[in-house]
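Undergrad: Following this message is one structure expressed as structure tokens.
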Amino acid sequence: MTTQTASRYTAEYSKIETTLPGGSLPWLRALRSDALKQFSGCGFPSLREEEWRYTNVSGIEKNLFEPRLEPSDNQIDKDWLENYRLADCWQIVLVDGYYSAEFSVLAGLPENVTIKSLKESLEAGDGQIEPYLGKAVGIDEHSFVAFNTAWFTDGAYIRIPAKTVLDKPVQLLHVVTDPNRLAATRNLVIAESMAQAQVIETYVGVDQAYLSAAVTEVFVEPNADLTMIKLQCESEKAYHFGGTYVKQARDARFNHHNFAFGSLLARSDIHSDLSHGSECHLNGLYLGVKRQHLDNHTRINHLEPYGISRELYKGVLDGRARGVFQGRVVVAEDAQKTDSEMNNRNLLLSNDAEADTKPQLEIYADDVKCAHGVTVGQLDEKSVFYLQSRCVDEETARNMLTFAFANEMVTKITQKSLHDLVLAEVLKRFPQQGIMQDWL
Amino acid sequence: MLNIENLHVSVGDKPILKGINLQVKPGEIHAIMGPNGSGKSTLSHVLSGKSGYTVTQGQVTYEGKDLTEMAPEIRAREGVFLAFQYPVEIPGVSNIYLLKAALNSIRKHQGLSEVDAMDFLTLIKEKVRLLEMDEKFLYRAVNEGFSGGEKKRNEILQMAVLEPKLCILDETDSGLDIDALKVVAEGVNSIRSPERSFVMITHYQRLLDYIKPDFVHVLAHGQIVKSGGPELALELEEKGYSWVENKQAA
Ligand SMILES: Nc1ncnc2c1ncn2[C@@H]1O[C@H](COP(=O)(O)OP(=O)(O)OP(=O)(O)O)[C@@H](O)[C@H]1O
Ligand SMILES: [Mg+2]
């Protein structure tokens with residue numbers, strides 16, 4: 001071993017260590033120190049690792065992204081931010097890695113519902129965090145999780161109490177306002193037994209290079225029903241690494257919609273562990289243009305019998321963009337009667353675009369129903385001709401078909417303000433925006 | 001209206017149409033019959049501008065203009081309509097949207113303004129009733145999950161709304177039961193006019209009981225081997241295609 005650590009970030013750690021929340025909590029200090037050790041040992045993932053073989057993250061070592069030591073007092077372009085604020089939602093806003101009371105909208109929140117800064121809750125000595133933080137994902141999962149665990153500055157802490165149906169969705173708006181900023185946030189979402197809620201994660205930032213590194217741990221307790229939407233609209237110069245790690249208890253239902261539109265390079269991990277009779281739906285849409293690289297990892301672990309999982313990820317790749325889908329479904333020996341389906345469909349709009357798709361099924365039980373399918377292809381020429389024969393010019397026909405392909409995932413969003421935002425983000429990426437709009 | 005002269009068409013190196021001659025005047029109905037693989041659909045595709053075919057000889061004029069020079073959508077806007085033998089499913093694009101987009105492009109092509117939303121609804125609802133379709137079909141994705149018969153009706157619905165000048169029906173009757181066939185025939189008959197012409201490709205004389213053709217042609221091995229009046233269809237049904245094919249060879 002050389003004395004040099006695997007990452008330049010490790011050397012910087014001492015500068016921020018004392019400012020990180022939870023320093024007075026022994027359990028968290030221990031967790032952070034283990035995470036730092038884990039990260040120092042291996043640094044960011046390399047292409048040699050199977051789970052990272054399509055995604056080269058060396059760019060984040062070349063640029064040393066720096067965390068803020070305290071909340072930002074930057075001026076934020078409010079008109080710009082307004083585009084991403086959803087009407088009819090509780091909003092918790094994180095700016096450059098810190099909770100912002102100024103931008104958050106939480107007045108009138110029912111008393112028993114928690115939507116708070118994780119930092120503040122830790123500092124106030126909330127004993128309800130320890131049983132959850134670091135329990136949906138371990139620091140050995142991959143080094144971004146270790147990195148996040150050591151570095152996180154703040155995050156959202158959301159807890160829906162048992163039997164509570166939240167009347168409005170919660171929007172977690174993650175904003176980066178500085179160039180070369182590292183925003184490392186840790187979020188905790190707990191839907192207690194029989195609770196029902198919707199949580200929307202939105203990632204945006206200024207048109208600069210920065211690094212978002214977020215880990216969201218999610219607990220869906222017995223028979224609870226949680227829908228989460230992730231809308232990643234980071235700057236096209238930014239790096240985004242975001243993982244959502246879910247533990248579903250017995251009969252718990254979890255729906256996830258993952259929209260990956262922004263970033264120069266983005267990696268998303270969605271993992272869920274299912275228990276007896278839990279149900280999990282993962283939907284995804286990645287739209288890559290120019291030189292974007294969008295990597296999507298999903299993992300569904302069926303650990304107990306009678307679980308149901310359905311997964312559909314779609315990708316549209318233009319220019320020199322590259323999309324990656326690695327979907328893994330594991331059915332444990334005990335998980336009899338599992339019913340699982342996974343699909344990944346990719347549309348390549350240019351000769352230089354690329355899609356790498358790797359579905360993996362690992363089945364250790366014998367009485368299960370599992371299916372998977374993948375496609376990578378161009379637009380169907382028969383369909384283009386059919387539309388032309390109905391008077392539609394070729395360019396519009398191609399746009400229509402591409403849009404229709406993508407829109408299937410957008411129409412799954414029922415909440416109006418969110419649907420409209422996702423749709424607007426999709427349309428932004430279409431050259432014939434006006435025509436498409438007219439068509440809806 | 002349509003003038004096909006000595007048309008030779010190949011796919012790659014393979015000649016498929018080998019000297020077709022056909023003249024269609026305004027208001028006429030021509031039936032084209034012929035064995036499987038004889039080139040009937042190829043002819044319909046070439047007329048509507050599908051790519052992948054090479055015209056190696058001959059010419060096709062439509063209203064005096066060279067049809068082969070026009071993009072498919074221009075032909076469609078100029079009034080050429082193909083009812084597909086195998087209509088294509090377009091998930092995510094609703095029937096009603098496509099109808100409106102198509103109608104408006106025709107109007108634009110003709111220098112007219114966009115159709116008024118209310119007038120449009122009234123028009124399509126009338127056509128939907130004519131074809132005995134459920135209005136729900138309008139809001140479903142084009143042909144997606146439609147049964148074979150529903151797809152064929154949908155083609156005729158589009159034709160009835162767009163009111164083309166030259167209607168090419170490629171086996172619209174195949175796979176239809178007798179009731180559906182009557183409905184489709186009624187749809188066709190409802191838009192017959194002295195200016196509008198039809199080329200109907202069919203295997204079955206039954207269709208011609210409901211839509212009486214002026215001419216019947218037999219296409220075999222890429223050529224029209226025999227032409228006649230409606231009685232030819234009956235004769236073909238009785239004696240089979242080998243009768244004309246053999247006569248050709250003899
Ligand atoms: N794209 C193609 N590549 C190669 N051969 C083709 C292609 N399209 C058509 N053919 C061939 O051309 C011939 C004519 O096909 P076409 O579909 O026009 O026949 P058809 O008369 O419509 O038959 P059917 O009655 O079965 O509909 C067939 O031998 C067919 O295999
Ligand atoms: Mg045919």
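Ordering of the structure tokens sets the chain letters (A, B, ...); residue numbers start at 1 within each chain; ligands are numbered from 1 in the order shown.
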Let me have all residues with an atom within 10 Å of ligand 2, counting only C-alpha atoms and all ligand atoms, laid out as an MDAnalysis selection string.
TA: chainID B and resid 34:45 84:86 170:171 201:203
Undergrad: Within 6 Å of chain A, which residues of chain B show up when using only C-alpha atoms, listed as a list in words?
TA: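 Selected residues: Pro72, Glu73, Ala76, Arg77, Gly92 and Ala102 of chain B.
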Undergrad: Restrict the selected residues to all heavy atoms and save them as a CSV table (one decimal), in the first residue's frame.
TA:
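Ended up saving to selection-v7.csv:
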chain,number,residue,atom,x,y,z
B,72,PRO,N,-44.4,11.0,-49.4
B,72,PRO,CA,-45.7,10.3,-49.0
B,72,PRO,C,-46.7,11.3,-48.5
B,72,PRO,O,-47.9,11.2,-48.8
B,72,PRO,CB,-45.3,9.3,-48.0
B,72,PRO,CG,-43.8,9.1,-48.1
B,72,PRO,CD,-43.3,10.4,-48.8
B,73,GLU,N,-46.3,12.2,-47.6
B,73,GLU,CA,-47.3,13.1,-47.0
B,73,GLU,C,-47.9,14.1,-48.0
B,73,GLU,O,-49.0,14.5,-47.8
B,73,GLU,CB,-46.7,13.8,-45.8
B,73,GLU,CG,-45.5,14.8,-46.0
B,73,GLU,CD,-44.2,14.0,-45.9
B,73,GLU,OE1,-44.1,12.8,-46.1
B,73,GLU,OE2,-43.1,14.7,-45.7
B,76,ALA,N,-50.5,12.3,-49.8
B,76,ALA,CA,-51.7,12.2,-49.0
B,76,ALA,C,-52.5,13.5,-49.0
B,76,ALA,O,-53.7,13.5,-49.1
B,76,ALA,CB,-51.3,11.8,-47.6
B,77,ARG,N,-51.7,14.6,-48.9
B,77,ARG,CA,-52.4,15.9,-48.9
B,77,ARG,C,-53.0,16.2,-50.2
B,77,ARG,O,-54.0,17.0,-50.3
B,77,ARG,CB,-51.4,17.0,-48.4
B,77,ARG,CG,-50.9,16.8,-47.0
B,77,ARG,CD,-49.8,17.8,-46.7
B,77,ARG,NE,-49.1,17.4,-45.5
B,77,ARG,CZ,-48.0,17.9,-45.1
B,77,ARG,NH1,-47.3,18.8,-45.9
B,77,ARG,NH2,-47.4,17.5,-44.0
B,92,GLY,N,-49.7,5.6,-28.0
B,92,GLY,CA,-49.4,7.0,-27.5
B,92,GLY,C,-49.9,8.1,-28.4
B,92,GLY,O,-49.8,9.3,-28.1
B,102,ALA,N,-54.2,15.3,-39.5
B,102,ALA,CA,-54.3,14.9,-40.9
B,102,ALA,C,-55.2,15.9,-41.7
B,102,ALA,O,-54.8,16.5,-42.7
B,102,ALA,CB,-54.7,13.5,-41.1
Undergrad: Might you pull out every residue within 6 Å of segment 130-143 of chain A, with only C-alpha atoms counted and same-chain residues fewer than 3 positions away left off, and present them as a compact mmCIF listing (two decimals) with C-alpha atoms, in the first residue's frame?
TA:
# COMPACT_ATOMS: atom_id res chain seq x y z
CA ALA A 35 -17.72 5.32 6.29
CA PHE A 39 -14.20 5.40 1.34
CA PHE A 44 -14.80 6.39 -6.03
CA ALA A 146 -19.80 5.54 2.12
CA PHE A 147 -18.89 8.96 0.74
CA GLU A 217 -33.30 5.89 2.83
CA TYR A 245 -32.75 2.53 -0.78
Undergrad: If you run DSSP over the backbone, which residues in segment 30-83 of chain A end up helix (DSSP H, G or I)? Put them as a ChimeraX atom specification.
TA: /A:30-42,50-52,59-62,78-82
Undergrad: Could you name the residues that touch segment 320-326 of chain A at 9 Å or less, counting only C-alpha atoms, but leaving out those on the same chain fewer than 6 positions away, as an MDAnalysis selection string?
TA: chainID A and resid 51 54:55 286:299 313 344 346 350:360
Undergrad: Kindly save the residues from that selection, with N, CA, C and O atoms included, as a compact mmCIF listing (two decimals), in the first residue's frame.
TA:
# COMPACT_ATOMS: atom_id res chain seq x y z
N GLU A 51 -20.67 -3.34 -11.27
CA GLU A 51 -21.81 -2.43 -11.20
C GLU A 51 -21.50 -1.05 -11.77
O GLU A 51 -22.36 -0.20 -11.84
N TYR A 54 -19.98 0.56 -16.95
CA TYR A 54 -20.34 1.44 -18.07
C TYR A 54 -20.14 2.92 -17.73
O TYR A 54 -20.39 3.78 -18.56
N THR A 55 -19.77 3.20 -16.48
CA THR A 55 -19.81 4.59 -16.05
C THR A 55 -18.48 5.02 -15.43
O THR A 55 -18.07 4.49 -14.40
N TYR A 286 -35.33 7.89 -19.00
CA TYR A 286 -34.12 8.69 -19.13
C TYR A 286 -34.03 9.23 -20.55
O TYR A 286 -34.23 8.52 -21.52
N LEU A 287 -33.80 10.54 -20.63
CA LEU A 287 -33.73 11.24 -21.92
C LEU A 287 -32.34 11.85 -22.02
O LEU A 287 -32.02 12.78 -21.29
N GLY A 288 -31.54 11.32 -22.92
CA GLY A 288 -30.17 11.83 -23.04
C GLY A 288 -29.94 12.52 -24.37
O GLY A 288 -30.34 12.03 -25.42
N VAL A 289 -29.33 13.70 -24.29
CA VAL A 289 -28.96 14.43 -25.51
C VAL A 289 -27.48 14.81 -25.43
O VAL A 289 -26.84 14.63 -24.39
N LYS A 290 -26.96 15.35 -26.50
CA LYS A 290 -25.56 15.78 -26.54
C LYS A 290 -24.64 14.68 -26.01
O LYS A 290 -24.67 13.58 -26.48
N ARG A 291 -23.83 15.03 -24.97
CA ARG A 291 -22.89 14.03 -24.45
C ARG A 291 -23.30 13.52 -23.08
O ARG A 291 -22.46 13.08 -22.29
N GLN A 292 -24.56 13.59 -22.79
CA GLN A 292 -25.00 13.15 -21.46
C GLN A 292 -24.78 11.65 -21.26
O GLN A 292 -24.89 10.86 -22.20
N HIS A 293 -24.51 11.31 -20.05
CA HIS A 293 -24.35 9.90 -19.67
C HIS A 293 -25.31 9.64 -18.51
O HIS A 293 -25.16 10.23 -17.44
N LEU A 294 -26.28 8.78 -18.74
CA LEU A 294 -27.31 8.55 -17.72
C LEU A 294 -27.33 7.07 -17.35
O LEU A 294 -27.68 6.22 -18.17
N ASP A 295 -26.93 6.79 -16.14
CA ASP A 295 -26.78 5.41 -15.67
C ASP A 295 -27.88 5.12 -14.66
O ASP A 295 -28.06 5.87 -13.70
N ASN A 296 -28.61 4.06 -14.89
CA ASN A 296 -29.72 3.71 -14.00
C ASN A 296 -29.55 2.30 -13.48
O ASN A 296 -29.51 1.35 -14.27
N HIS A 297 -29.44 2.20 -12.18
CA HIS A 297 -29.34 0.89 -11.57
C HIS A 297 -30.57 0.64 -10.74
O HIS A 297 -30.99 1.50 -9.98
N THR A 298 -31.11 -0.54 -10.87
CA THR A 298 -32.21 -0.88 -9.96
C THR A 298 -31.95 -2.27 -9.41
O THR A 298 -31.30 -3.09 -10.04
N ARG A 299 -32.44 -2.47 -8.24
CA ARG A 299 -32.32 -3.80 -7.66
C ARG A 299 -33.57 -4.07 -6.85
O ARG A 299 -34.00 -3.24 -6.04
N TYR A 313 -38.47 0.57 -17.46
CA TYR A 313 -37.59 1.71 -17.69
C TYR A 313 -37.49 1.94 -19.19
O TYR A 313 -37.28 1.00 -19.95
N ASN A 344 -36.96 -3.18 -20.09
CA ASN A 344 -36.19 -1.99 -20.42
C ASN A 344 -36.28 -1.80 -21.93
O ASN A 344 -36.00 -2.71 -22.69
N ASN A 346 -35.28 0.87 -25.14
CA ASN A 346 -34.45 2.01 -25.52
C ASN A 346 -34.68 2.41 -26.96
O ASN A 346 -34.79 1.55 -27.83
N SER A 350 -29.89 8.60 -32.80
CA SER A 350 -28.76 8.94 -33.66
C SER A 350 -27.78 7.77 -33.68
O SER A 350 -27.79 6.91 -32.80
N ASN A 351 -26.92 7.78 -34.69
CA ASN A 351 -25.96 6.68 -34.83
C ASN A 351 -24.91 6.70 -33.74
O ASN A 351 -24.28 5.68 -33.47
N ASP A 352 -24.69 7.87 -33.15
CA ASP A 352 -23.66 7.98 -32.13
C ASP A 352 -24.19 7.76 -30.72
O ASP A 352 -23.43 7.75 -29.77
N ALA A 353 -25.49 7.64 -30.59
CA ALA A 353 -26.06 7.39 -29.26
C ALA A 353 -25.88 5.91 -28.92
O ALA A 353 -25.74 5.07 -29.81
N GLU A 354 -25.87 5.64 -27.62
CA GLU A 354 -25.61 4.26 -27.21
C GLU A 354 -26.49 3.89 -26.02
O GLU A 354 -26.74 4.71 -25.14
N ALA A 355 -26.94 2.66 -26.01
CA ALA A 355 -27.67 2.17 -24.85
C ALA A 355 -27.04 0.85 -24.42
O ALA A 355 -26.84 -0.04 -25.24
N ASP A 356 -26.69 0.77 -23.15
CA ASP A 356 -26.19 -0.49 -22.61
C ASP A 356 -27.23 -0.99 -21.64
O ASP A 356 -27.61 -0.29 -20.70
N THR A 357 -27.70 -2.18 -21.88
CA THR A 357 -28.76 -2.68 -21.02
C THR A 357 -28.41 -4.07 -20.53
O THR A 357 -27.95 -4.91 -21.30
N LYS A 358 -28.59 -4.24 -19.24
CA LYS A 358 -28.22 -5.53 -18.66
C LYS A 358 -29.20 -5.92 -17.57
O LYS A 358 -29.03 -5.57 -16.41
N PRO A 359 -30.27 -6.61 -17.95
CA PRO A 359 -31.18 -7.11 -16.93
C PRO A 359 -30.60 -8.40 -16.34
O PRO A 359 -30.00 -9.19 -17.05
N GLN A 360 -30.77 -8.57 -15.05
CA GLN A 360 -30.25 -9.79 -14.43
C GLN A 360 -31.31 -10.38 -13.51
O GLN A 360 -31.86 -9.66 -12.67
Undergrad: List the spatial neighbours of Gln110 of chain B as a list in words - criterion: any atom at most 10 Å away, only C-alpha atoms, same-chain residues fewer than 5 positions off excluded.
TA: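 Near neighbours after the sequence-gap exclusion: Arg77, Glu78, Asn104 and Ser105 of chain B.
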Undergrad: How would the residues just picked look written out with all heavy atoms as a JSON list (two decimals), in the first residue's frame?
TA:
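What landed in out_16.json:
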[["chain", "number", "residue", "atom", "x", "y", "z"],
["B", 77, "ARG", "N", -51.73, 14.59, -48.88],
["B", 77, "ARG", "CA", -52.40, 15.89, -48.85],
["B", 77, "ARG", "C", -53.02, 16.23, -50.20],
["B", 77, "ARG", "O", -53.99, 16.97, -50.28],
["B", 77, "ARG", "CB", -51.41, 16.99, -48.45],
["B", 77, "ARG", "CG", -50.94, 16.84, -47.02],
["B", 77, "ARG", "CD", -49.81, 17.79, -46.72],
["B", 77, "ARG", "NE", -49.13, 17.43, -45.48],
["B", 77, "ARG", "CZ", -47.96, 17.92, -45.09],
["B", 77, "ARG", "NH1", -47.34, 18.81, -45.87],
["B", 77, "ARG", "NH2", -47.40, 17.54, -43.97],
["B", 78, "GLU", "N", -52.45, 15.66, -51.26],
["B", 78, "GLU", "CA", -53.01, 15.87, -52.59],
["B", 78, "GLU", "C", -54.21, 14.98, -52.85],
["B", 78, "GLU", "O", -54.81, 15.04, -53.92],
["B", 78, "GLU", "CB", -51.94, 15.61, -53.66],
["B", 78, "GLU", "CG", -50.84, 16.66, -53.71],
["B", 78, "GLU", "CD", -51.19, 17.84, -54.61],
["B", 78, "GLU", "OE1", -52.02, 17.66, -55.53],
["B", 78, "GLU", "OE2", -50.65, 18.93, -54.37],
["B", 104, "ASN", "N", -56.15, 18.87, -40.82],
["B", 104, "ASN", "CA", -55.59, 20.22, -40.86],
["B", 104, "ASN", "C", -54.43, 20.35, -41.83],
["B", 104, "ASN", "O", -54.27, 21.38, -42.47],
["B", 104, "ASN", "CB", -55.19, 20.68, -39.45],
["B", 104, "ASN", "CG", -56.38, 21.21, -38.67],
["B", 104, "ASN", "OD1", -57.34, 21.72, -39.27],
["B", 104, "ASN", "ND2", -56.34, 21.08, -37.37],
["B", 105, "SER", "N", -53.62, 19.29, -41.97],
["B", 105, "SER", "CA", -52.54, 19.42, -42.97],
["B", 105, "SER", "C", -53.10, 19.47, -44.38],
["B", 105, "SER", "O", -52.54, 20.13, -45.25],
["B", 105, "SER", "CB", -51.48, 18.33, -42.89],
["B", 105, "SER", "OG", -51.68, 17.44, -41.89]]
Undergrad: Pull the strand (DSSP E) assignments for segment 21-210 of chain B out of DSSP run on the backbone, and list those residues as an NGL selection string.
TA: :B and (21-24 or 29-33 or 54-62 or 65-66 or 80-83 or 90-94 or 141-142 or 166-170 or 197-201)
Undergrad: Would you list the contacts of segment 153-166 of chain A as a PDB file with N, CA and C atoms, in the first residue's frame, taking every protein, DNA or RNA residue within 6 Å and counting only C-alpha atoms, but skipping same-chain residues closer than 3 positions in sequence?
TA:
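This went into around_39.pdb:
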ATOM      1  N   LEU A  20     -19.856  19.132  10.590  1.00  0.00           N
ATOM      2  CA  LEU A  20     -20.921  18.199  10.197  1.00  0.00           C
ATOM      3  C   LEU A  20     -21.868  17.930  11.363  1.00  0.00           C
ATOM      4  N   GLY A  97     -26.925  21.868  -0.049  1.00  0.00           N
ATOM      5  CA  GLY A  97     -26.706  20.853   0.979  1.00  0.00           C
ATOM      6  C   GLY A  97     -27.260  21.185   2.348  1.00  0.00           C
ATOM      7  N   TYR A  98     -27.971  22.325   2.471  1.00  0.00           N
ATOM      8  CA  TYR A  98     -28.530  22.711   3.768  1.00  0.00           C
ATOM      9  C   TYR A  98     -30.009  23.067   3.649  1.00  0.00           C
ATOM     10  N   VAL A 113     -47.153  14.949  11.724  1.00  0.00           N
ATOM     11  CA  VAL A 113     -46.323  14.647  10.558  1.00  0.00           C
ATOM     12  C   VAL A 113     -44.990  15.382  10.692  1.00  0.00           C
ATOM     13  N   THR A 114     -43.899  14.686  10.410  1.00  0.00           N
ATOM     14  CA  THR A 114     -42.582  15.316  10.492  1.00  0.00           C
ATOM     15  C   THR A 114     -42.039  15.602   9.097  1.00  0.00           C
ATOM     16  N   ILE A 115     -41.720  16.855   8.832  1.00  0.00           N
ATOM     17  CA  ILE A 115     -40.956  17.206   7.642  1.00  0.00           C
ATOM     18  C   ILE A 115     -39.948  18.240   8.113  1.00  0.00           C
ATOM     19  N   LYS A 116     -38.713  17.839   8.271  1.00  0.00           N
ATOM     20  CA  LYS A 116     -37.745  18.685   8.972  1.00  0.00           C
ATOM     21  C   LYS A 116     -36.372  18.544   8.367  1.00  0.00           C
ATOM     22  N   SER A 117     -35.503  19.424   8.823  1.00  0.00           N
ATOM     23  CA  SER A 117     -34.085  19.293   8.506  1.00  0.00           C
ATOM     24  C   SER A 117     -33.523  18.127   9.317  1.00  0.00           C
ATOM     25  N   LEU A 118     -32.789  17.246   8.676  1.00  0.00           N
ATOM     26  CA  LEU A 118     -32.183  16.118   9.378  1.00  0.00           C
ATOM     27  C   LEU A 118     -31.131  16.635  10.355  1.00  0.00           C
ATOM     28  N   LYS A 119     -30.401  17.631   9.903  1.00  0.00           N
ATOM     29  CA  LYS A 119     -29.350  18.235  10.738  1.00  0.00           C
ATOM     30  C   LYS A 119     -29.955  18.750  12.044  1.00  0.00           C
ATOM     31  N   THR A 185     -26.304  15.219   0.564  1.00  0.00           N
ATOM     32  CA  THR A 185     -27.454  15.240   1.467  1.00  0.00           C
ATOM     33  C   THR A 185     -27.923  13.824   1.763  1.00  0.00           C
ATOM     34  N   ARG A 186     -28.455  13.672   2.934  1.00  0.00           N
ATOM     35  CA  ARG A 186     -28.968  12.373   3.368  1.00  0.00           C
ATOM     36  C   ARG A 186     -30.417  12.564   3.748  1.00  0.00           C
ATOM     37  N   ASN A 187     -31.284  11.808   3.143  1.00  0.00           N
ATOM     38  CA  ASN A 187     -32.708  11.958   3.433  1.00  0.00           C
ATOM     39  C   ASN A 187     -33.271  10.683   4.032  1.00  0.00           C
ATOM     40  N   LEU A 188     -34.246  10.878   4.863  1.00  0.00           N
ATOM     41  CA  LEU A 188     -34.880   9.751   5.539  1.00  0.00           C
ATOM     42  C   LEU A 188     -36.391   9.887   5.348  1.00  0.00           C
ATOM     43  N   VAL A 189     -36.996   8.852   4.792  1.00  0.00           N
ATOM     44  CA  VAL A 189     -38.445   8.888   4.602  1.00  0.00           C
ATOM     45  C   VAL A 189     -39.024   7.656   5.284  1.00  0.00           C
ATOM     46  N   ILE A 190     -39.924   7.901   6.224  1.00  0.00           N
ATOM     47  CA  ILE A 190     -40.513   6.777   6.938  1.00  0.00           C
ATOM     48  C   ILE A 190     -42.033   6.863   6.839  1.00  0.00           C
ATOM     49  N   ALA A 191     -42.627   5.873   6.217  1.00  0.00           N
ATOM     50  CA  ALA A 191     -44.089   5.800   6.186  1.00  0.00           C
ATOM     51  C   ALA A 191     -44.449   4.698   7.159  1.00  0.00           C
ATOM     52  N   GLU A 192     -44.988   5.104   8.298  1.00  0.00           N
ATOM     53  CA  GLU A 192     -45.291   4.106   9.321  1.00  0.00           C
ATOM     54  C   GLU A 192     -46.477   3.251   8.888  1.00  0.00           C
ATOM     55  N   SER A 193     -46.718   2.225   9.682  1.00  0.00           N
ATOM     56  CA  SER A 193     -47.740   1.241   9.366  1.00  0.00           C
ATOM     57  C   SER A 193     -49.054   1.895   8.894  1.00  0.00           C
ATOM     58  N   MET A 194     -49.563   1.439   7.749  1.00  0.00           N
ATOM     59  CA  MET A 194     -50.835   1.876   7.160  1.00  0.00           C
ATOM     60  C   MET A 194     -50.856   3.338   6.717  1.00  0.00           C
ATOM     61  N   ALA A 195     -49.742   3.997   6.756  1.00  0.00           N
ATOM     62  CA  ALA A 195     -49.732   5.386   6.291  1.00  0.00           C
ATOM     63  C   ALA A 195     -49.756   5.411   4.764  1.00  0.00           C
ATOM     64  N   GLN A 196     -50.121   6.549   4.234  1.00  0.00           N
ATOM     65  CA  GLN A 196     -50.175   6.686   2.779  1.00  0.00           C
ATOM     66  C   GLN A 196     -49.652   8.072   2.406  1.00  0.00           C
ATOM     67  N   ALA A 197     -48.675   8.111   1.505  1.00  0.00           N
ATOM     68  CA  ALA A 197     -48.094   9.414   1.174  1.00  0.00           C
ATOM     69  C   ALA A 197     -47.381   9.390  -0.167  1.00  0.00           C
TER      70      ALA A 197
END
Undergrad: List the neighbours of segment 132-147 of chain B out to 6 Å using only C-alpha atoms; skip same-chain residues closer than 4 positions along the sequence, and give me the result as a ChimeraX atom specification.
TA: /B:89-96,128,151
Undergrad: Please determine, counting only C-alpha atoms, which residue among A:Leu312, A:Leu421, A:Val145, A:Ala124 has the shortest atom-to-atom distance to Glu82 of chain A.
TA: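 That would be A:Leu421, the residue with the smallest distance to Glu82 of chain A.
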